[in-house]
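Visitor: Pasting target_5.cif below, which is mmCIF, C-alpha atoms.
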```cif
data_my_file
#
loop_
_atom_site.label_atom_id
_atom_site.label_comp_id
_atom_site.auth_asym_id
_atom_site.auth_seq_id
_atom_site.Cartn_x
_atom_site.Cartn_y
_atom_site.Cartn_z
CA ILE C 996 0.00 0.00 0.00
CA PRO C 997 1.68 3.28 -1.08
CA GLY C 998 2.01 6.04 1.50
CA VAL C 999 1.13 9.70 0.99
CA SER C 1000 1.89 12.53 3.41
CA THR C 1001 -0.38 15.58 3.76
CA LYS C 1002 1.79 17.28 6.40
CA ARG C 1003 4.97 16.88 8.40
CA GLY C 1004 5.81 17.61 12.01
CA CYS C 1005 3.87 17.20 15.25
CA PRO C 1006 3.55 19.57 18.23
CA ARG C 1007 2.18 16.88 20.55
CA LYS C 1008 4.27 15.73 23.49
CA CYS C 1009 3.63 11.98 23.72
CA VAL C 1010 6.43 10.74 25.96
CA TYR C 1011 7.58 7.83 23.78
CA CYS C 1012 7.44 9.43 20.33
CA SER C 1013 10.41 10.42 18.19
CA TYR C 1014 8.37 12.04 15.37
CA PRO C 1015 8.75 15.63 16.67
CA ASP C 1016 12.49 15.13 16.86
CA LEU C 1017 12.59 13.75 13.31
CA ASP C 1018 10.02 15.90 11.49
CA GLY C 1019 9.83 19.05 13.62
CA ARG C 1020 7.53 20.25 16.38
CA THR C 1021 5.28 22.40 14.20
CA TYR C 1022 3.07 21.37 11.31
CA SER C 1023 4.25 21.93 7.76
CA PHE C 1024 1.26 21.43 5.47
CA GLY C 1025 1.44 20.21 1.91
CA GLN C 1026 -0.49 22.12 -0.75
CA VAL C 1027 -3.87 20.42 -1.02
CA ASP C 1028 -3.81 20.25 -4.83
CA GLU C 1029 -0.27 18.80 -4.81
CA VAL C 1030 -1.20 16.16 -2.23
CA VAL C 1031 -4.21 15.04 -4.26
CA GLU C 1032 -2.13 15.11 -7.45
CA GLN C 1033 0.06 12.44 -5.85
CA VAL C 1034 -3.04 10.42 -5.03
CA CYS C 1035 -4.27 10.69 -8.63
CA LYS C 1036 -0.88 9.60 -9.98
CA LEU C 1037 -0.87 6.53 -7.75
CA GLU C 1038 -4.38 5.68 -8.86
CA LYS C 1039 -3.34 5.89 -12.52
CA LEU C 1040 -0.43 3.57 -11.74
CA GLY C 1041 -2.88 0.96 -10.45
CA ALA C 1042 -3.00 1.59 -6.71
CA THR C 1043 -6.30 0.54 -5.14
CA HIS C 1044 -5.45 1.55 -1.55
CA ILE C 1045 -3.24 4.23 0.00
CA PHE C 1046 -2.28 5.14 3.55
CA PHE C 1047 -1.85 8.75 4.66
CA THR C 1048 1.32 8.61 6.72
CA ASP C 1049 0.83 11.77 8.82
CA SER C 1050 1.66 11.21 12.48
CA VAL C 1051 -1.96 12.22 13.22
CA PHE C 1052 -4.15 12.67 10.14
CA ASN C 1053 -7.07 14.47 11.85
CA ALA C 1054 -4.89 17.05 13.65
CA GLY C 1055 -3.79 20.51 12.62
CA GLY C 1056 -7.12 22.17 11.92
CA GLU C 1057 -9.25 21.42 8.85
CA HIS C 1058 -6.44 20.74 6.38
CA TYR C 1059 -7.32 17.03 6.23
CA LEU C 1060 -10.92 17.94 5.35
CA ARG C 1061 -9.72 20.14 2.50
CA VAL C 1062 -7.71 17.18 1.18
CA ALA C 1063 -10.85 15.03 1.32
CA GLU C 1064 -12.90 17.71 -0.47
CA GLU C 1065 -10.35 17.86 -3.27
CA MET C 1066 -10.33 14.07 -3.60
CA VAL C 1067 -14.10 14.16 -3.98
CA ARG C 1068 -13.79 16.94 -6.59
CA GLN C 1069 -11.18 14.95 -8.49
CA GLU C 1070 -13.43 11.86 -8.25
CA THR C 1071 -10.68 9.59 -6.96
CA THR C 1072 -11.90 6.02 -6.44
CA LEU C 1073 -9.17 4.36 -4.36
CA LYS C 1074 -9.68 3.49 -0.71
CA TRP C 1075 -7.58 5.03 2.03
CA SER C 1076 -6.79 4.85 5.72
CA ALA C 1077 -4.71 6.89 8.17
CA TYR C 1078 -3.69 7.28 11.80
CA PHE C 1079 -6.42 9.12 13.70
CA ALA C 1080 -6.30 10.41 17.27
CA PRO C 1081 -9.47 10.16 19.36
CA ALA C 1082 -11.33 13.43 18.83
CA ARG C 1083 -14.83 14.80 18.41
CA MET C 1084 -15.80 14.92 14.75
CA ALA C 1085 -19.02 16.10 13.15
CA ASP C 1086 -21.11 13.48 11.39
CA ASP C 1087 -20.98 15.40 8.11
CA GLU C 1088 -17.17 15.43 8.32
CA ILE C 1089 -17.09 11.64 8.58
CA GLU C 1090 -19.46 11.36 5.62
CA LEU C 1091 -17.17 13.65 3.62
CA LEU C 1092 -14.20 11.43 4.45
CA LYS C 1093 -16.18 8.37 3.37
CA ARG C 1094 -17.07 9.98 0.04
CA SER C 1095 -13.39 10.68 -0.52
CA GLY C 1096 -12.57 6.99 -0.03
CA LEU C 1097 -12.05 6.53 3.71
CA ALA C 1098 -12.28 2.77 4.23
CA ALA C 1099 -10.78 2.27 7.70
CA VAL C 1100 -9.53 4.26 10.68
CA GLU C 1101 -6.45 3.29 12.69
CA MET C 1102 -6.83 4.94 16.09
CA GLY C 1103 -3.79 5.80 18.15
CA THR C 1104 -5.59 5.18 21.42
CA ASP C 1105 -2.23 4.04 22.82
CA ALA C 1106 -3.22 3.46 26.46
CA THR C 1107 -6.25 1.90 28.08
CA SER C 1108 -6.93 3.96 31.20
CA ASP C 1109 -6.98 7.66 31.99
CA VAL C 1110 -4.06 7.15 34.39
CA THR C 1111 -1.77 5.71 31.70
CA LEU C 1112 -3.04 8.12 29.04
CA LYS C 1113 -2.06 11.02 31.29
CA ALA C 1114 1.34 9.44 31.99
CA MET C 1115 1.90 9.22 28.23
CA GLN C 1116 0.88 12.91 27.98
CA LYS C 1117 -2.05 12.12 25.72
CA PRO C 1118 -4.52 15.01 25.24
CA PHE C 1119 -7.66 12.85 25.51
CA THR C 1120 -9.46 10.43 27.81
CA PHE C 1121 -10.45 6.84 27.18
CA GLU C 1122 -14.09 7.92 27.14
CA LEU C 1123 -13.35 10.11 24.11
CA ALA C 1124 -11.78 7.10 22.36
CA ARG C 1125 -14.93 5.11 23.13
CA GLU C 1126 -17.17 7.91 21.79
CA MET C 1127 -15.21 8.12 18.53
CA ASN C 1128 -15.27 4.33 18.21
CA ASP C 1129 -19.06 4.29 18.55
CA GLN C 1130 -19.39 7.14 16.06
CA MET C 1131 -17.30 5.28 13.48
CA ALA C 1132 -19.44 2.19 14.03
CA ARG C 1133 -22.61 4.19 13.39
CA HIS C 1134 -21.12 5.37 10.10
CA GLU C 1135 -19.93 1.82 9.31
CA VAL C 1136 -16.28 2.83 9.15
CA PRO C 1137 -14.05 -0.03 10.39
CA ALA C 1138 -11.92 1.11 13.32
CA ALA C 1139 -8.86 -0.45 14.92
CA HIS C 1140 -7.36 0.61 18.24
CA PHE C 1141 -3.64 0.28 18.86
CA VAL C 1142 -2.91 0.13 22.59
CA ILE C 1143 0.18 -0.41 24.70
CA PHE C 1144 0.32 -2.06 28.11
CA GLY C 1145 3.24 -1.62 30.49
CA GLY C 1146 4.01 2.03 29.80
CA PRO C 1147 4.62 4.75 32.38
CA GLY C 1148 2.08 4.79 35.18
CA GLU C 1149 1.01 1.20 34.55
CA THR C 1150 0.17 -0.86 37.63
CA PRO C 1151 -1.70 -4.15 38.13
CA GLU C 1152 -4.79 -2.03 38.84
CA THR C 1153 -4.53 -0.03 35.59
CA VAL C 1154 -3.96 -3.25 33.62
CA GLU C 1155 -7.18 -4.64 35.05
CA GLU C 1156 -9.02 -1.38 34.39
CA GLY C 1157 -7.59 -1.16 30.88
CA ILE C 1158 -8.73 -4.65 29.95
CA ALA C 1159 -12.20 -3.82 31.27
CA ASN C 1160 -12.22 -0.62 29.21
CA LEU C 1161 -11.29 -2.52 26.05
CA GLN C 1162 -14.22 -4.88 26.67
CA THR C 1163 -16.56 -1.89 26.30
CA LEU C 1164 -15.33 -1.18 22.76
CA GLU C 1165 -17.75 -2.74 20.31
CA SER C 1166 -17.57 -3.26 16.53
CA CYS C 1167 -13.82 -2.71 16.31
CA VAL C 1168 -10.46 -4.46 16.14
CA VAL C 1169 -7.87 -4.10 18.92
CA PHE C 1170 -4.12 -4.61 18.52
CA ALA C 1171 -2.39 -4.75 21.90
CA PHE C 1172 1.34 -4.41 22.55
CA SER C 1173 3.47 -5.03 25.62
CA GLY C 1174 6.18 -2.55 26.52
CA ILE C 1175 7.29 0.56 24.61
CA ARG C 1176 10.40 0.68 22.50
CA LEU C 1177 12.73 3.35 23.83
CA TYR C 1178 14.24 6.05 21.61
CA PRO C 1179 16.83 8.71 22.47
CA ARG C 1180 15.71 12.32 23.01
CA THR C 1181 12.23 11.33 24.15
CA ARG C 1182 10.68 12.04 27.54
CA LEU C 1183 10.30 8.30 28.13
CA TYR C 1184 14.06 7.92 27.68
CA GLU C 1185 14.56 10.46 30.47
CA ILE C 1186 11.99 8.68 32.65
CA ALA C 1187 13.79 5.36 32.19
CA ILE C 1188 17.05 6.98 33.32
CA GLU C 1189 15.34 8.66 36.29
CA GLN C 1190 13.84 5.32 37.36
CA GLY C 1191 17.23 3.62 37.09
CA LEU C 1192 16.06 1.27 34.34
CA ILE C 1193 18.87 2.12 31.89
CA GLU C 1194 22.24 3.84 31.91
CA LYS C 1195 22.37 7.32 30.42
CA ASP C 1196 24.55 6.32 27.46
CA LYS C 1197 22.91 2.99 26.69
CA ASP C 1198 23.10 1.95 23.02
CA LEU C 1199 19.50 1.81 21.79
CA LEU C 1200 20.23 0.69 18.24
CA ARG C 1201 19.21 -2.77 19.38
CA PRO C 1202 15.60 -2.58 20.60
CA TRP C 1203 15.11 -1.97 24.32
CA PHE C 1204 11.59 -1.88 25.72
CA TYR C 1205 10.36 0.17 28.63
CA PHE C 1206 8.14 -1.50 31.23
CA SER C 1207 6.72 0.28 34.24
CA PRO C 1208 8.63 -0.90 37.33
CA ASP C 1209 5.24 -1.47 38.99
CA VAL C 1210 4.19 -4.36 36.73
CA ALA C 1211 5.50 -7.87 36.15
CA PRO C 1212 5.56 -8.20 32.33
CA GLU C 1213 4.98 -11.96 32.18
CA ALA C 1214 1.96 -11.85 34.50
CA MET C 1215 0.60 -8.83 32.62
CA ASN C 1216 1.01 -10.55 29.26
CA GLU C 1217 -0.81 -13.63 30.50
CA GLU C 1218 -3.70 -11.49 31.77
CA ILE C 1219 -4.05 -9.82 28.36
CA THR C 1220 -3.81 -13.17 26.55
CA GLN C 1221 -6.60 -14.65 28.65
CA ALA C 1222 -8.80 -11.57 28.17
CA PHE C 1223 -8.43 -11.78 24.37
CA LYS C 1224 -8.84 -15.54 24.17
CA GLY C 1225 -11.44 -16.69 21.66
CA ARG C 1226 -11.94 -13.25 20.11
CA ARG C 1227 -10.97 -13.10 16.44
CA GLU C 1228 -10.98 -9.29 16.41
CA ARG C 1229 -8.53 -8.96 19.34
CA PHE C 1230 -4.82 -9.47 18.79
CA PHE C 1231 -2.12 -10.18 21.36
CA PRO C 1232 0.74 -10.79 21.02
CA PRO C 1233 1.33 -8.79 17.79
CA SER C 1234 2.62 -11.91 16.00
CA ARG C 1235 -0.98 -13.21 15.96
CA ALA C 1236 -1.99 -10.29 13.77
CA GLN C 1237 0.86 -10.92 11.35
CA GLU C 1238 -0.11 -14.57 11.06
CA ARG C 1239 -3.74 -13.66 10.33
CA MET C 1240 -2.76 -11.05 7.73
CA THR C 1241 -0.51 -13.57 5.98
CA VAL C 1242 -3.40 -16.02 5.71
CA LEU C 1243 -5.72 -13.33 4.30
CA ARG C 1244 -3.15 -12.33 1.67
CA ARG C 1245 -2.77 -15.95 0.61
CA MET C 1246 -6.55 -16.07 0.21
CA GLY C 1247 -6.32 -13.18 -2.26
CA PHE C 1248 -7.41 -10.30 -0.04
CA ARG C 1249 -5.82 -6.91 -0.72
CA GLY C 1250 -5.68 -3.66 1.20
CA PHE C 1251 -5.70 -3.09 4.95
CA LEU C 1252 -6.97 -6.62 5.68
CA TRP C 1253 -7.92 -6.19 9.34
CA ASP C 1254 -11.07 -4.34 8.23
CA THR C 1255 -12.39 -7.63 6.81
CA LEU C 1256 -12.86 -8.85 10.39
CA LEU C 1257 -15.83 -6.46 10.72
CA PRO C 1258 -19.10 -7.05 8.81
CA TYR C 1259 -19.23 -3.63 7.14
CA GLY C 1260 -15.53 -3.90 6.33
CA ARG C 1261 -16.24 -6.95 4.22
CA LYS C 1262 -19.33 -5.30 2.73
CA GLY C 1263 -17.29 -2.32 1.54
CA ARG C 1264 -15.06 -4.46 -0.67
#
```
Could you spell out this file's structure in structure tokens?
Guide:
Amino acid sequence: IPGVSTKRGCPRKCVYCSYPDLDGRTYSFGQVDEVVEQVCKLEKLGATHIFFTDSVFNAGGEHYLRVAEEMVRQETTLKWSAYFAPARMADDEIELLKRSGLAAVEMGTDATSDVTLKAMQKPFTFELAREMNDQMARHEVPAAHFVIFGGPGETPETVEEGIANLQTLESCVVFAFSGIRLYPRTRLYEIAIEQGLIEKDKDLLRPWFYFSPDVAPEAMNEEITQAFKGRRERFFPPSRAQERMTVLRRMGFRGFLWDTLLPYGRKGR
């Protein structure tokens, strides 16, 4: 699936993220007509799906809506997805995105309780993620939540609360991860040093994952595994998702694939 960027940079302060360090801490918007010209070129080359690679597609004002309006005007027919942050959106905005080809939403929910969301410096609550999930379901837009257990602020109590919160999410797919990969020049890197989890000059070229010192990773992982057991639309560990996607590709499915796990995702193909 080809990637297209509508903007670069991110002013958000998520503790684990290296995007602001790589792309800048302010938004740099692409010209709407130039962005959609790229989309049209990919469509002419035979692309059926694209992914907008912005760190957060629905952030930075209404620029993303202008892109969707231009795609409608240009009558593009390919399907697209992007990373969305939980936010309040008007129903007519979602319908506009659908007309432009929106086929699935990948939500950076990231944590599963308000305690861990705050510790990650996320600007939303879990209730807002639930509201957006329900809104996407009403509009029959497949939604997937990507969540991380074991981050800063995680305790056995927040793990239990987080699993209970995930159980309230209906008509969606959930991809759960354990631990957060650590990158230099992030707040989480500083936290890990402050908590005595790593040395200041540790080589991070080889992956090193942060776990809250208040949780036992193996016990936490087992709790998540048991909670997801028997649910085809819940994935943990991440390797389960890769295995399922490989099977779907062998069956001839194309595109985002996880959306086929939801009834209206299959209907939209």
Visitor: If the PyMOL selection byres ((chain C and resi 1111) around 8) is run on the structure shown, which residues does it catch, given as a list in words?
Guide: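 Output from the PyMOL selection byres ((chain C and resi 1111) around 8), applied to this file: Ala1106, Thr1107, Ser1108, Asp1109, Val1110, Leu1112, Lys1113, Ala1114, Met1115, Gly1146, Pro1147, Gly1148, Glu1149 and Thr1153 of chain C.
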Visitor: Could you name the residues that touch Gly1191 (chain C) at 12 Å or less, counting all atoms listed in the file, but leaving out those on the same chain fewer than 6 positions away, as JSON, numbers by chain?
Guide: {"C": [1184, 1185, 1197, 1205, 1206, 1207, 1208]}
Visitor: Would you mind listing, for every residue of region 1098-1208 of chain C within 12 Å of region 1051-1063 of chain C, the two atoms forming the shortest contact and the distance between them in Å to one decimal, using all atoms listed in the file, sorted by chain and ascending residue number, as a Markdown table?
Guide:
```
| residue | atom | partner | partner_atom | distance |
| --- | --- | --- | --- | --- |
| C:Val1100 | CA | C:Phe1052 | CA | 10.0 |
| C:Glu1101 | CA | C:Phe1052 | CA | 10.0 |
| C:Met1102 | CA | C:Val1051 | CA | 9.2 |
| C:Gly1103 | CA | C:Val1051 | CA | 8.3 |
| C:Thr1104 | CA | C:Val1051 | CA | 11.4 |
| C:Pro1118 | CA | C:Ala1054 | CA | 11.8 |
```
Visitor: Can you work out which one of C:Val999, C:Thr1048, C:Leu1243, C:Asp1016 has the shortest atom-to-atom distance to Lys1036 (chain C), counting only C-alpha atoms?
Guide: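 Smallest distance to Lys1036 (chain C) is found for C:Val999.
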Visitor: Give the answer as one residue: which of C:Leu1192, C:Met1246, C:Leu1183, C:Cys1167 has the shortest atom-to-atom distance to Arg1227 (chain C), using only C-alpha atoms?
Guide: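 Distance minimum relative to Arg1227 (chain C) lands on C:Cys1167.
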Visitor: Find the nearest atom pair between each residue of region 1200-1246 of chain C and region 1160-1164 of chain C for residues within 10 Å, count only C-alpha atoms, give distances in Å to one decimal, sort rows by chain and ascending number, and present the table as a tab-separated table.
Guide:
```
residue	atom	partner	partner_atom	distance
C:Ala1222	CA	C:Gln1162	CA	8.7
C:Phe1223	CA	C:Gln1162	CA	9.3
C:Arg1229	CA	C:Leu1161	CA	9.7
```
Visitor: Please, what distance in Å, to one decimal, runs between CA of Asp1028 (chain C) and CA of Ile1045 (chain C)?
Guide: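 Distance between the two atoms: 16.7 Å.
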Visitor: Apply the PyMOL selection byres ((chain C and resi 1219) around 10) to the file shown and report the selected residues as an MDAnalysis selection string.
Guide: chainID C and resid 1144 1154:1155 1157:1158 1171:1173 1214:1218 1220:1224 1230:1232
